[in-house]
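The structure under discussion appears below in the form of structure tokens.
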Amino acid sequence: MRDHTHFGYRDVPLSDKQALVDDVFHKVARRYDLMNDLMSGGLHRAWKDALVIAINPPKFDRDFVLLDVAGGTGDVSFRTIAAGGAGTRAMVADINVEMLGVGRARARTSGLDDVVTFVDANAESLPFPDKSFDAVSIAFGIRNVPRIDVALSEMRRVLKLGGRFLCLEFSNVDVPGLDALYELYSFNVVPALGRAVVGEDEPYRYLVESIRRFPHPNAFAEMMRAAGFARVSHRLMSGGIVALHSGWRL
Ligand SMILES: C[S@@+](CC[C@H](N)C(=O)[O-])C[C@H]1O[C@@H](n2cnc3c(N)ncnc32)[C@H](O)[C@@H]1O
């Protein structure tokens with residue numbers, strides 16, 4: 001049985017990975033949204049907009065509930081609520097109470113605490129009944145989860161029949177010229193930004209290393225099929241910096 005995995009470039013016991021990941025997000029939670037803007041030059045907004053268009057919440061009053069796994073501070077959920085009609089609701093599930101705390105405060109100040117709810121939950125054992133949600137998303141979260149296959153099965157389990165699963169994740173840049181620039185930016189600028197803004201570069205080294213260790217989009221698509229998703233597809237954005245994966249529960 002597989003009992004080791006990657007934490008960035010480090011080989012660690014599978015049972016140690018979650019605590020290491022939790023420590024990363026504990027350190028970055030307070031500045032998480034600001035750092036996303038700084039590191040991506042605002043591009044993460046366009047990537048999340050593409051995700052929300054694919055989630056496709058109804059514009060009218062029909063009930064529609066999104067589960068956003070590893071939803072952190074709730075960014076995808078807030079965007080989905082803004083795009084949907086009066087019947088749209090979102091549930092943010094995340095394992096990190098600091099990230100959830102930032103999101104809850106944001107929901108309160110925006111008067112959205114009745115439509116966006118936050119639950120402390122592990123993607124590998126979601127505390128919801130089978131077939132509960134119209135759509136399930138996970139943005140920049142899956143590569144942090146120790147047992148990706150288990151989390152994929154769980155996300156399919158809680159999806160209603162006919163529901164769509166969407167996963168936004170970093171991918172592999174293979175545009176000549178852009179790849180070298182991206183490499184330089186990732187390993188030099190990103191950790192330096194982390195040190196300047198959060199006071200730590202280690203969490204940001206993990207970020208860039210974990211991106212490099214994540215499976216190629218075709219390999220990830222295979223994992224989605226193995227978890228039972230149908231009509232699996234993906235598309236690359238921004239020269240392959242990110243991939244938007246899609247699958248259905250049919
Ligand atoms: C890079 S953040 C993404 C947050 C949000 N989805 C976004 O796009 O802004 C990754 C999130 O994954 C969460 N996470 C890591 N392991 C998890 C697990 N096993 N179950 C649920 N959430 C997890 C972290 O706590 C963190 O909030």
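How things are named: the first chain in the structure tokens is A, the next is B, and so on; residues count from 1 in each chain; ligands count from 1 in the order shown.
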Please identify every polymer residue within 8 Å of ligand 1, using only C-alpha atoms and all ligand atoms, and present the set as a PyMOL selection string.
chain A and resi 18+21-22+25-26+29+32-33+36+48+68-76+93-97+99-100+120-124+138-142+144-146+151
Report as a PyMOL selection string: the residues of segment 19-248 of chain A with a DSSP assignment of strand (DSSP E), based on the backbone of this structure.
chain A and resi 64-69+88-94+116-120+133-139+159-170+230-237+242-248
Considering only C-alpha atoms, state which residue in the set A:Gly8, A:Gly42, A:Gly239, A:Gly87 is at the smallest distance from Leu181 of chain A.
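Among A:Gly8, A:Gly42, A:Gly239, A:Gly87, it is A:Gly239 that comes nearest to Leu181 of chain A.
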Could you tell me how far atom CA of Phe64 of chain A sits from atom CA of Thr109 of chain A, in Å to one decimal place?
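Atom CA of Phe64 of chain A lies at a distance of 23.2 Å from atom CA of Thr109 of chain A.
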Would you mind writing down, as a PyMOL selection string, each residue of segment 85-181 of chain A that DSSP on the backbone assigns to helix (DSSP H, G or I)?
chain A and resi 97-109+142-144+148-157+178-181
Which residues of segment 45-103 of chain A come within 10 Å of segment 156-176 of chain A, and what is each one's closest atom pair and distance in Å (one decimal), counting only C-alpha atoms, sorted by chain and residue number, as a Markdown table?
```
| residue | atom | partner | partner_atom | distance |
| --- | --- | --- | --- | --- |
| A:Trp47 | CA | A:Leu168 | CA | 7.9 |
| A:Lys48 | CA | A:Leu168 | CA | 7.9 |
| A:Ala50 | CA | A:Leu168 | CA | 9.3 |
| A:Leu51 | CA | A:Leu168 | CA | 7.1 |
| A:Val52 | CA | A:Leu166 | CA | 9.3 |
| A:Ala54 | CA | A:Leu166 | CA | 7.7 |
| A:Ile55 | CA | A:Leu166 | CA | 7.3 |
| A:Asn56 | CA | A:Arg164 | CA | 9.7 |
| A:Leu66 | CA | A:Leu159 | CA | 9.4 |
| A:Leu67 | CA | A:Leu159 | CA | 8.7 |
| A:Asp68 | CA | A:Leu166 | CA | 9.5 |
| A:Val69 | CA | A:Cys167 | CA | 9.6 |
```
A:Met91, A:Val189, A:Arg205, A:Arg10: which is nearest Pro127 of chain A, counting only C-alpha atoms?
A:Met91
Can you work out which one of A:Arg31, A:His245, A:Arg79, A:Arg235 has the shortest atom-to-atom distance to Ile53 of chain A, counting only C-alpha atoms?
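Counting only C-alpha atoms, the residue closest to Ile53 of chain A is A:Arg79.
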Residues near segment 215-224 of chain A, anyone? I mean within 8 Å using only C-alpha atoms, not counting same-chain ones fewer than 6 positions away, as number ranges by chain.
A: 149, 152, 171-172, 232-234, 243, 245, 247
Can you write just those residues out, all heavy atoms, as a PDB file, in the first residue's frame?
```pdb
ATOM      1  N   ASP A 149      -7.644  10.427  -4.786  1.00  0.00           N
ATOM      2  CA  ASP A 149      -8.651   9.472  -5.271  1.00  0.00           C
ATOM      3  C   ASP A 149      -9.839   9.398  -4.315  1.00  0.00           C
ATOM      4  O   ASP A 149     -11.000   9.342  -4.747  1.00  0.00           O
ATOM      5  CB  ASP A 149      -8.012   8.081  -5.488  1.00  0.00           C
ATOM      6  CG  ASP A 149      -7.219   7.598  -4.274  1.00  0.00           C
ATOM      7  OD1 ASP A 149      -6.874   8.419  -3.401  1.00  0.00           O
ATOM      8  OD2 ASP A 149      -6.937   6.390  -4.192  1.00  0.00           O
ATOM      9  N   LEU A 152     -11.919  12.614  -4.680  1.00  0.00           N
ATOM     10  CA  LEU A 152     -12.712  12.615  -5.927  1.00  0.00           C
ATOM     11  C   LEU A 152     -13.965  11.745  -5.757  1.00  0.00           C
ATOM     12  O   LEU A 152     -15.060  12.144  -6.163  1.00  0.00           O
ATOM     13  CB  LEU A 152     -11.866  12.107  -7.100  1.00  0.00           C
ATOM     14  CG  LEU A 152     -10.831  13.093  -7.655  1.00  0.00           C
ATOM     15  CD1 LEU A 152      -9.921  12.402  -8.676  1.00  0.00           C
ATOM     16  CD2 LEU A 152     -11.514  14.310  -8.298  1.00  0.00           C
ATOM     17  N   SER A 171      -1.468  23.958 -13.747  1.00  0.00           N
ATOM     18  CA  SER A 171      -1.130  22.921 -14.716  1.00  0.00           C
ATOM     19  C   SER A 171       0.322  23.081 -15.151  1.00  0.00           C
ATOM     20  O   SER A 171       1.140  23.543 -14.355  1.00  0.00           O
ATOM     21  CB  SER A 171      -2.114  23.040 -15.885  1.00  0.00           C
ATOM     22  OG  SER A 171      -1.863  22.063 -16.829  1.00  0.00           O
ATOM     23  N   ASN A 172       0.627  22.701 -16.390  1.00  0.00           N
ATOM     24  CA  ASN A 172       2.014  22.751 -16.864  1.00  0.00           C
ATOM     25  C   ASN A 172       2.121  23.723 -18.027  1.00  0.00           C
ATOM     26  O   ASN A 172       1.470  23.524 -19.044  1.00  0.00           O
ATOM     27  CB  ASN A 172       2.464  21.373 -17.360  1.00  0.00           C
ATOM     28  CG  ASN A 172       2.031  20.264 -16.417  1.00  0.00           C
ATOM     29  OD1 ASN A 172       0.918  19.758 -16.531  1.00  0.00           O
ATOM     30  ND2 ASN A 172       2.889  19.927 -15.492  1.00  0.00           N
ATOM     31  N   VAL A 232     -15.673  13.395 -19.021  1.00  0.00           N
ATOM     32  CA  VAL A 232     -14.548  14.141 -18.422  1.00  0.00           C
ATOM     33  C   VAL A 232     -13.822  14.944 -19.509  1.00  0.00           C
ATOM     34  O   VAL A 232     -13.541  14.426 -20.591  1.00  0.00           O
ATOM     35  CB  VAL A 232     -13.569  13.150 -17.740  1.00  0.00           C
ATOM     36  CG1 VAL A 232     -12.292  13.849 -17.308  1.00  0.00           C
ATOM     37  CG2 VAL A 232     -14.254  12.480 -16.556  1.00  0.00           C
ATOM     38  N   SER A 233     -13.573  16.206 -19.214  1.00  0.00           N
ATOM     39  CA  SER A 233     -12.844  17.045 -20.173  1.00  0.00           C
ATOM     40  C   SER A 233     -12.059  18.113 -19.401  1.00  0.00           C
ATOM     41  O   SER A 233     -12.304  18.316 -18.204  1.00  0.00           O
ATOM     42  CB  SER A 233     -13.819  17.715 -21.146  1.00  0.00           C
ATOM     43  OG  SER A 233     -14.673  18.581 -20.434  1.00  0.00           O
ATOM     44  N   HIS A 234     -11.164  18.774 -20.090  1.00  0.00           N
ATOM     45  CA  HIS A 234     -10.489  19.913 -19.454  1.00  0.00           C
ATOM     46  C   HIS A 234     -10.068  20.912 -20.519  1.00  0.00           C
ATOM     47  O   HIS A 234      -9.953  20.570 -21.696  1.00  0.00           O
ATOM     48  CB  HIS A 234      -9.271  19.472 -18.627  1.00  0.00           C
ATOM     49  CG  HIS A 234      -8.120  18.977 -19.435  1.00  0.00           C
ATOM     50  ND1 HIS A 234      -7.953  17.643 -19.764  1.00  0.00           N
ATOM     51  CD2 HIS A 234      -7.075  19.627 -20.000  1.00  0.00           C
ATOM     52  CE1 HIS A 234      -6.859  17.508 -20.476  1.00  0.00           C
ATOM     53  NE2 HIS A 234      -6.297  18.698 -20.644  1.00  0.00           N
ATOM     54  N   ALA A 243      -5.637  24.712 -15.405  1.00  0.00           N
ATOM     55  CA  ALA A 243      -6.562  23.868 -16.184  1.00  0.00           C
ATOM     56  C   ALA A 243      -7.902  23.853 -15.457  1.00  0.00           C
ATOM     57  O   ALA A 243      -7.946  23.799 -14.215  1.00  0.00           O
ATOM     58  CB  ALA A 243      -6.016  22.458 -16.297  1.00  0.00           C
ATOM     59  N   HIS A 245     -10.977  21.514 -15.122  1.00  0.00           N
ATOM     60  CA  HIS A 245     -11.426  20.145 -15.381  1.00  0.00           C
ATOM     61  C   HIS A 245     -12.917  20.043 -15.119  1.00  0.00           C
ATOM     62  O   HIS A 245     -13.430  20.648 -14.159  1.00  0.00           O
ATOM     63  CB  HIS A 245     -10.717  19.176 -14.431  1.00  0.00           C
ATOM     64  CG  HIS A 245      -9.238  19.121 -14.632  1.00  0.00           C
ATOM     65  ND1 HIS A 245      -8.626  18.216 -15.472  1.00  0.00           N
ATOM     66  CD2 HIS A 245      -8.245  19.864 -14.093  1.00  0.00           C
ATOM     67  CE1 HIS A 245      -7.329  18.407 -15.443  1.00  0.00           C
ATOM     68  NE2 HIS A 245      -7.065  19.405 -14.616  1.00  0.00           N
ATOM     69  N   GLY A 247     -16.373  17.197 -15.043  1.00  0.00           N
ATOM     70  CA  GLY A 247     -16.910  15.834 -15.118  1.00  0.00           C
ATOM     71  C   GLY A 247     -18.342  15.858 -14.617  1.00  0.00           C
ATOM     72  O   GLY A 247     -18.726  16.792 -13.898  1.00  0.00           O
TER      73      GLY A 247
END
```
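Atom CA of Arg212 of chain A sits 20.8 Å away from atom CA of Arg195 of chain A.
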Pick from A:Leu178, A:Ala226, A:Leu207, A:His6: nearest to Met35 of chain A, with only C-alpha atoms counted?
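For Met35 of chain A, the nearest of the given residues is A:Leu207.
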d(atom CA of Asp114 of chain A, atom CA of Val65 of chain A) in Å:
12.8 Å
